[in-house]
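**Student:** upload_22.cif (mmCIF, C-alpha atoms and all ligand atoms) pasted underneath:
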data_model
loop_
_atom_site.label_atom_id
_atom_site.label_comp_id
_atom_site.auth_asym_id
_atom_site.auth_seq_id
_atom_site.Cartn_x
_atom_site.Cartn_y
_atom_site.Cartn_z
CA MET A 1 37.28 25.03 -33.93
CA PHE A 2 38.24 27.99 -31.78
CA LEU A 3 37.74 30.26 -34.80
CA ASN A 4 34.24 28.81 -35.32
CA LYS A 5 33.32 29.72 -31.75
CA ILE A 6 34.57 33.26 -32.20
CA ILE A 7 32.52 33.60 -35.41
CA LEU A 8 29.46 32.23 -33.60
CA VAL A 9 29.85 34.73 -30.75
CA ILE A 10 30.24 37.58 -33.25
CA LEU A 11 27.10 36.46 -35.10
CA ILE A 12 25.12 36.32 -31.83
CA ILE A 13 26.29 39.85 -30.93
CA ILE A 14 25.35 41.18 -34.40
CA GLN A 15 21.95 39.51 -34.16
CA TYR A 16 21.39 40.98 -30.68
CA PHE A 17 22.07 44.51 -31.90
CA SER A 18 19.96 44.10 -35.04
CA ILE A 19 17.04 42.92 -32.88
CA CYS A 20 17.53 45.96 -30.61
CA GLU A 21 17.53 48.25 -33.64
CA ALA A 22 14.31 46.69 -34.96
CA SER A 23 12.46 46.95 -31.65
CA ILE A 24 9.59 49.36 -31.27
CA TYR A 25 10.12 51.83 -28.47
CA ASP A 26 7.51 53.87 -26.60
CA ARG A 27 7.69 57.65 -26.09
CA ASP A 28 9.67 57.59 -22.83
CA GLU A 29 12.15 55.05 -24.19
CA ILE A 30 12.66 57.13 -27.34
CA ILE A 31 13.30 60.27 -25.27
CA GLN A 32 15.75 58.41 -23.05
CA ARG A 33 17.54 56.82 -25.98
CA PHE A 34 17.86 59.86 -28.26
CA GLY A 35 17.59 62.80 -25.84
CA ASN A 36 21.34 63.51 -25.72
CA GLU A 37 22.11 63.06 -29.40
CA THR A 38 23.24 65.93 -31.59
CA PRO A 39 22.33 65.83 -35.29
CA GLN A 40 25.14 66.09 -37.84
CA LYS A 41 23.09 66.32 -41.03
CA PHE A 42 19.81 67.78 -42.30
CA GLY A 43 18.29 67.13 -45.72
CA MET A 44 16.05 65.00 -47.92
CA HIS A 45 18.19 62.02 -48.85
CA LEU A 46 19.96 60.88 -45.68
CA ASP A 47 20.97 57.32 -44.82
CA GLY A 48 17.86 55.52 -43.56
CA VAL A 49 15.50 57.33 -45.97
CA VAL A 50 14.04 54.93 -48.56
CA ASP A 51 14.55 56.63 -51.94
CA ARG A 52 14.11 53.65 -54.25
CA ILE A 53 12.36 50.29 -54.58
CA VAL A 54 13.55 47.13 -56.34
CA SER A 55 14.17 47.98 -59.99
CA VAL A 56 12.53 44.85 -61.47
CA ASP A 57 10.02 42.37 -60.09
CA GLU A 58 10.33 38.58 -60.29
CA PHE A 59 8.92 38.63 -63.83
CA SER A 60 11.67 41.05 -64.90
CA ARG A 61 9.17 43.88 -65.28
CA LYS A 62 10.45 47.36 -64.52
CA THR A 63 8.89 48.79 -61.35
CA ILE A 64 7.74 52.26 -60.31
CA ALA A 65 6.08 53.54 -57.14
CA LEU A 66 3.84 56.58 -57.55
CA THR A 67 3.47 58.46 -54.27
CA PHE A 68 1.18 61.42 -53.68
CA ASP A 69 1.32 63.80 -50.74
CA LEU A 70 -1.90 65.25 -49.33
CA CYS A 71 -0.69 68.29 -47.44
CA GLY A 72 -2.92 70.24 -45.10
CA GLY A 73 -3.75 73.81 -44.18
CA LYS A 74 -5.10 76.04 -46.94
CA ALA A 75 -4.00 73.42 -49.47
CA ALA A 76 -6.23 70.68 -47.98
CA LYS A 77 -7.95 70.03 -51.30
CA ILE A 78 -8.30 66.98 -53.51
CA ASP A 79 -7.38 66.65 -57.17
CA GLU A 80 -10.53 64.84 -58.33
CA LYS A 81 -9.35 64.40 -61.92
CA LEU A 82 -6.18 62.65 -60.75
CA ILE A 83 -7.83 60.45 -58.10
CA LYS A 84 -10.68 59.42 -60.43
CA PHE A 85 -8.20 58.45 -63.16
CA LEU A 86 -6.17 56.32 -60.72
CA ILE A 87 -9.34 54.66 -59.36
CA GLN A 88 -10.88 53.99 -62.79
CA ASN A 89 -7.66 52.45 -64.05
CA GLU A 90 -6.87 50.69 -60.75
CA ILE A 91 -3.36 52.13 -60.70
CA LEU A 92 -1.46 51.15 -57.57
CA ALA A 93 -0.34 54.22 -55.64
CA THR A 94 0.71 55.31 -52.16
CA PHE A 95 -0.84 58.40 -50.53
CA PHE A 96 0.64 60.37 -47.65
CA LEU A 97 -2.06 62.10 -45.57
CA SER A 98 -1.41 64.88 -43.04
CA SER A 99 -3.64 65.31 -39.98
CA SER A 100 -5.20 68.56 -41.13
CA TRP A 101 -5.92 67.10 -44.57
CA ILE A 102 -7.72 64.18 -42.89
CA ASP A 103 -9.68 66.61 -40.68
CA ALA A 104 -10.74 68.66 -43.72
CA ARG A 105 -11.44 65.89 -46.22
CA SER A 106 -12.18 62.50 -44.64
CA GLY A 107 -15.95 63.04 -44.99
CA ASP A 108 -15.80 63.47 -48.80
CA VAL A 109 -17.38 60.68 -50.84
CA LEU A 110 -14.35 60.46 -53.16
CA VAL A 111 -11.97 60.29 -50.18
CA LYS A 112 -13.95 57.42 -48.69
CA GLU A 113 -13.72 55.65 -52.05
CA MET A 114 -10.00 56.34 -52.15
CA ILE A 115 -9.40 55.00 -48.64
CA SER A 116 -11.28 51.78 -49.31
CA ALA A 117 -9.66 51.12 -52.72
CA PRO A 118 -7.64 47.88 -52.43
CA PHE A 119 -4.97 49.15 -54.83
CA PHE A 120 -4.17 52.27 -52.78
CA GLU A 121 -1.98 52.41 -49.71
CA ILE A 122 -2.53 55.14 -47.12
CA GLU A 123 0.50 56.38 -45.20
CA ASN A 124 1.55 59.09 -42.75
CA HIS A 125 2.39 62.70 -43.78
CA GLY A 126 2.69 64.11 -40.25
CA THR A 127 0.61 65.65 -37.51
CA ARG A 128 1.60 69.30 -38.09
CA HIS A 129 3.17 68.69 -41.53
CA VAL A 130 6.60 70.08 -40.60
CA PRO A 131 10.22 68.97 -41.21
CA LEU A 132 11.61 66.49 -38.66
CA SER A 133 14.41 67.86 -36.54
CA VAL A 134 15.38 67.53 -32.88
CA ILE A 135 16.64 71.16 -32.84
CA GLY A 136 14.04 73.10 -34.86
CA ARG A 137 15.76 73.25 -38.27
CA SER A 138 13.65 74.78 -41.07
CA ALA A 139 13.06 73.85 -44.70
CA TYR A 140 11.35 76.14 -47.23
CA ARG A 141 10.78 78.55 -44.32
CA VAL A 142 8.75 75.97 -42.40
CA ARG A 143 10.06 75.52 -38.86
CA GLY A 144 10.66 71.89 -37.98
CA THR A 145 10.06 70.02 -34.74
CA ARG A 146 12.33 71.20 -31.90
CA SER A 147 12.89 68.13 -29.71
CA VAL A 148 12.78 64.34 -29.55
CA GLU A 149 9.32 64.61 -27.94
CA GLU A 150 8.03 66.74 -30.82
CA VAL A 151 9.48 64.31 -33.39
CA PHE A 152 7.70 61.42 -31.66
CA ASP A 153 4.37 63.28 -31.59
CA GLU A 154 4.69 64.52 -35.18
CA VAL A 155 4.90 60.88 -36.30
CA GLU A 156 2.78 58.98 -33.81
CA ILE A 157 -0.29 61.20 -33.33
CA ASN A 158 -1.02 61.08 -37.07
CA ALA A 159 -0.15 57.36 -37.22
CA ARG A 160 -3.00 56.77 -34.70
CA LYS A 161 -5.33 58.94 -36.78
CA ILE A 162 -4.51 56.94 -39.93
CA LYS A 163 -5.10 53.67 -38.09
CA GLN A 164 -8.55 54.99 -37.09
CA LEU A 165 -9.27 56.03 -40.67
CA THR A 166 -8.10 52.91 -42.50
CA GLY A 167 -8.03 50.19 -39.84
CA LYS A 168 -4.38 49.57 -40.71
CA GLU A 169 -1.12 50.60 -39.08
CA PRO A 170 0.83 52.86 -41.43
CA LEU A 171 4.21 51.47 -42.51
CA PHE A 172 5.80 54.62 -43.93
CA PHE A 173 6.28 58.22 -42.85
CA ARG A 174 7.12 61.27 -44.98
CA SER A 175 7.50 64.64 -43.25
CA GLY A 176 6.21 68.01 -44.42
CA ALA A 177 8.85 69.33 -46.89
CA ALA A 178 10.43 65.81 -46.83
CA HIS A 179 13.36 67.08 -44.68
CA TYR A 180 14.95 65.27 -41.72
CA ASP A 181 17.98 65.38 -39.50
CA ASP A 182 19.91 62.16 -38.95
CA VAL A 183 18.75 61.74 -35.34
CA SER A 184 15.10 62.06 -36.41
CA VAL A 185 15.60 59.42 -39.11
CA ARG A 186 16.87 56.99 -36.46
CA ILE A 187 13.99 57.89 -34.13
CA VAL A 188 11.38 57.12 -36.81
CA ASN A 189 13.08 53.81 -37.60
CA ALA A 190 13.24 52.91 -33.89
CA MET A 191 9.50 53.63 -33.70
CA GLY A 192 9.03 50.87 -36.28
CA TYR A 193 8.33 52.98 -39.39
CA ASN A 194 10.19 53.43 -42.67
CA ILE A 195 10.81 56.90 -44.07
CA ALA A 196 9.64 57.40 -47.64
CA GLY A 197 12.01 59.50 -49.69
CA PHE A 198 11.87 59.77 -53.47
CA SER A 199 14.15 59.47 -56.49
CA ILE A 200 12.00 61.47 -58.94
CA ASN A 201 10.56 64.86 -57.97
CA GLY A 202 7.53 64.39 -60.23
CA ASP A 203 5.58 67.64 -59.95
CA GLU A 204 8.18 69.89 -58.24
CA GLY A 205 5.85 70.78 -55.39
CA ALA A 206 2.83 70.94 -57.76
CA THR A 207 4.45 73.87 -59.60
CA ALA A 208 5.47 72.00 -62.79
CA SER A 209 3.48 72.10 -66.04
CA ALA A 210 1.77 68.91 -67.24
CA ARG A 211 4.44 68.53 -69.92
CA LYS A 212 7.23 68.80 -67.32
CA VAL A 213 5.51 66.37 -64.91
CA ARG A 214 5.22 63.83 -67.74
CA LYS A 215 8.86 64.32 -68.70
CA ASN A 216 10.08 64.02 -65.09
CA ILE A 217 8.21 60.75 -64.53
CA LEU A 218 9.18 59.24 -67.89
CA ALA A 219 12.86 59.55 -66.96
CA ALA A 220 12.21 56.40 -64.86
CA LYS A 221 14.31 53.36 -65.69
CA GLY A 222 12.91 51.05 -62.99
CA GLY A 223 12.98 51.22 -59.20
CA GLU A 224 12.00 54.86 -58.80
CA ILE A 225 9.83 56.40 -56.09
CA VAL A 226 7.99 59.35 -57.68
CA LEU A 227 6.88 62.25 -55.48
CA CYS A 228 3.77 64.18 -56.59
CA HIS A 229 0.81 65.91 -54.92
CA ALA A 230 -2.87 64.98 -55.03
CA ASN A 231 -4.09 68.06 -53.17
CA ARG A 232 -3.50 70.65 -55.90
CA PRO A 233 -6.35 70.58 -58.45
CA GLY A 234 -5.64 72.89 -61.39
CA SER A 235 -1.87 72.28 -61.28
CA GLY A 236 -0.10 70.37 -64.05
CA THR A 237 0.06 67.23 -61.91
CA ALA A 238 -3.11 65.38 -62.99
CA ASP A 239 -2.58 65.75 -66.75
CA GLY A 240 1.14 65.04 -66.44
CA VAL A 241 0.63 61.91 -64.33
CA ILE A 242 -2.16 60.62 -66.61
CA ALA A 243 0.04 61.01 -69.72
CA ALA A 244 3.02 59.39 -67.97
CA VAL A 245 1.03 56.45 -66.58
CA ASN A 246 -0.38 55.62 -70.01
CA GLU A 247 3.12 55.72 -71.51
CA LEU A 248 4.65 53.68 -68.65
CA LYS A 249 2.05 50.96 -69.19
CA GLN A 250 3.03 50.79 -72.86
CA ARG A 251 6.67 50.55 -71.82
CA GLY A 252 5.83 47.51 -69.66
CA PHE A 253 6.27 49.07 -66.22
CA VAL A 254 4.53 47.57 -63.19
CA PHE A 255 3.17 49.91 -60.52
CA ILE A 256 3.77 48.96 -56.92
CA THR A 257 3.07 50.56 -53.55
CA LEU A 258 5.78 51.17 -50.98
CA GLY A 259 4.28 48.52 -48.73
CA GLY A 260 4.53 45.97 -51.55
CA LEU A 261 1.09 45.87 -53.22
CA ARG A 262 1.47 45.32 -56.93
CA ASN A 263 -0.50 44.54 -60.07
ZN ZN A 301 3.18 67.89 -47.83
#
Write out the structure in this file as structure tokens.
**Tutor:**
Amino acid sequence: MFLNKIILVILIIIQYFSICEASIYDRDEIIQRFGNETPQKFGMHLDGVVDRIVSVDEFSRKTIALTFDLCGGKAAKIDEKLIKFLIQNEILATFFLSSSWIDARSGDVLVKEMISAPFFEIENHGTRHVPLSVIGRSAYRVRGTRSVEEVFDEVEINARKIKQLTGKEPLFFRSGAAHYDDVSVRIVNAMGYNIAGFSINGDEGATASARKVRKNILAAKGGEIVLCHANRPGSGTADGVIAAVNELKQRGFVFITLGGLRN
């Protein structure tokens, strides 16, 4: 009896902390909570980064999540061949849009079609499209955010922009260069968002040939999150993805979005 009470108290304490962890904090609360923390790690695949999805669905079909980054700056273009193929074939996919890409492209007819497609999910690729760090760590020579405040703004300013664009709150965040420190990962989670990692580097930063993109994606066994780019027309990405998608369909894969849409 006494043991039961102890177990009950422990369960209540665990539940209390899990509720705290799941709460959504505002900017001041985030600064207060994380302002004195020192990061221990910096990289792409830290604890708290979602790198995989369930490997089979309830019908025992193998799953795959295609994700496409839409980076900004000079590369704020759109791969029409790729997007048109995905739309025509109603392939479920998740897109990560940066603020400057939205500013440059949201008026395009094809982008409007993409945003309203029910089989696409639109998510957050950052306000300035930089790595997330509380101390200014860099990845691929891109300087990351330098403080808790900058981490918050990098995520939240573009989250508001995406809400305006799509009418929906984004669920996932992926930073520019997909790099994070461990404190930043916990900040994003405390803000109520998941971080989208990846388990297959599909187009290797849009540098891979079509043949290599196809090969990378077809290594999937079920449960993979594939990272590619939809802002690099003329790269090998479109042809590689098209070939891989057709093959995956034949192999019985089901495409799902990170937020759980599926066909
Ligand atoms: Zn990017």
**Student:** Could you pull the residues within 12 Å of A:Ile256, counting all atoms listed in the file, minus those fewer than 5 positions along the same chain, as JSON, numbers by chain?
**Tutor:** {"A": [52, 53, 54, 55, 56, 57, 61, 62, 63, 64, 65, 66, 67, 90, 91, 92, 93, 94, 119, 120, 121, 222, 223, 224, 225, 226, 261, 262, 263]}
**Student:** Would you mind reading off the distance between atom CA of A:Asp182 and atom CA of A:Asp69, one decimal, in Å?
**Tutor:**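 Computed distance, atom CA of A:Asp182 to atom CA of A:Asp69, equals 22.1 Å.
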**Student:** Enumerate as a PDB file with C-alpha atoms, in the coordinates of the input the residues within 10 Å of ligand ZN 301 (chain A), counting only C-alpha atoms and all ligand atoms.
**Tutor:**
ATOM      1  CA  PHE A  68       1.180  61.420 -53.680  1.00  0.00           C
ATOM      2  CA  ASP A  69       1.320  63.800 -50.740  1.00  0.00           C
ATOM      3  CA  LEU A  70      -1.900  65.250 -49.330  1.00  0.00           C
ATOM      4  CA  CYS A  71      -0.690  68.290 -47.440  1.00  0.00           C
ATOM      5  CA  GLY A  72      -2.920  70.240 -45.100  1.00  0.00           C
ATOM      6  CA  GLY A  73      -3.750  73.810 -44.180  1.00  0.00           C
ATOM      7  CA  ALA A  75      -4.000  73.420 -49.470  1.00  0.00           C
ATOM      8  CA  ALA A  76      -6.230  70.680 -47.980  1.00  0.00           C
ATOM      9  CA  PHE A  96       0.640  60.370 -47.650  1.00  0.00           C
ATOM     10  CA  LEU A  97      -2.060  62.100 -45.570  1.00  0.00           C
ATOM     11  CA  SER A  98      -1.410  64.880 -43.040  1.00  0.00           C
ATOM     12  CA  TRP A 101      -5.920  67.100 -44.570  1.00  0.00           C
ATOM     13  CA  HIS A 125       2.390  62.700 -43.780  1.00  0.00           C
ATOM     14  CA  GLY A 126       2.690  64.110 -40.250  1.00  0.00           C
ATOM     15  CA  ARG A 128       1.600  69.300 -38.090  1.00  0.00           C
ATOM     16  CA  HIS A 129       3.170  68.690 -41.530  1.00  0.00           C
ATOM     17  CA  VAL A 130       6.600  70.080 -40.600  1.00  0.00           C
ATOM     18  CA  PRO A 131      10.220  68.970 -41.210  1.00  0.00           C
ATOM     19  CA  ARG A 174       7.120  61.270 -44.980  1.00  0.00           C
ATOM     20  CA  SER A 175       7.500  64.640 -43.250  1.00  0.00           C
ATOM     21  CA  GLY A 176       6.210  68.010 -44.420  1.00  0.00           C
ATOM     22  CA  ALA A 177       8.850  69.330 -46.890  1.00  0.00           C
ATOM     23  CA  ALA A 178      10.430  65.810 -46.830  1.00  0.00           C
ATOM     24  CA  GLY A 205       5.850  70.780 -55.390  1.00  0.00           C
ATOM     25  CA  CYS A 228       3.770  64.180 -56.590  1.00  0.00           C
ATOM     26  CA  HIS A 229       0.810  65.910 -54.920  1.00  0.00           C
ATOM     27  CA  ALA A 230      -2.870  64.980 -55.030  1.00  0.00           C
ATOM     28  CA  ASN A 231      -4.090  68.060 -53.170  1.00  0.00           C
TER      29      ASN A 231
END
**Student:** Could you jot down the atom CA of A:Ile162 to atom CA of A:Arg232 separation for me, Å, one decimal place?
**Tutor:**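 Computing it gives 21.1 Å between the two atoms.
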**Student:** Rank nothing, just name the residue among A:Lys215, A:Arg105, A:Lys168, A:Arg143 nearest to A:Ile200, using all atoms listed in the file.
**Tutor:**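 The shortest atom-to-atom distance to A:Ile200 comes from A:Lys215.
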**Student:** Go ahead and fit an axis-aligned box to every listed atom of stretch 106-123 of chain A plus 6 Å each side, and pass me the centre and edge lengths in Å, one decimal, as AutoDock Vina command-line options.
**Tutor:**
--center_x -8.4 --center_y 55.7 --center_z -49.7 --size_x 29.9 --size_y 27.6 --size_z 22.2
**Student:** Per residue of stretch 27-125 of chain A within 9 Å of stretch 238-241 of chain A, record the nearest atom pair and its distance in Å to one decimal, counting only C-alpha atoms, with rows in chain order and ascending residue number, as a tab-separated table.
**Tutor:**
residue	atom	partner	partner_atom	distance
A:Asp79	CA	A:Ala238	CA	7.3
A:Glu80	CA	A:Ala238	CA	8.8
A:Lys81	CA	A:Ala238	CA	6.4
A:Leu82	CA	A:Ala238	CA	4.7
A:Ile83	CA	A:Ala238	CA	8.4
A:Phe85	CA	A:Ala238	CA	8.6
**Student:** Rounded to one decimal, what separation in Å do you get between atom CA of A:Pro170 and atom CA of A:Ile122?
**Tutor:**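 Separating atom CA of A:Pro170 from atom CA of A:Ile122 is a distance of 7.0 Å.
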**Student:** Of the candidates A:Ile31, A:Ile242, A:Ile135, A:Ala104, which one gets nearest to A:Ala210 if we count all atoms listed in the file?
**Tutor:**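 Among the listed residues, A:Ile242 lies closest to A:Ala210.
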**Student:** Hey, which of A:Val155, A:Ser60, A:Met191, A:Ile87 ends up closest to A:Pro118? Count all atoms listed in the file.
**Tutor:**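 Among the listed residues, the smallest separation from A:Pro118 belongs to A:Ile87.
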**Student:** Please determine, counting only C-alpha atoms, which residue among A:Val142, A:Ala206, A:Leu86, A:Val50 has the shortest atom-to-atom distance to A:Leu110.
**Tutor:** A:Leu86
**Student:** I'd like to know which of A:Asp153, A:Glu29, A:Glu204, A:Asp181 is closest to A:Val134, using all atoms listed in the file.
**Tutor:**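 Closest candidate: A:Asp181.
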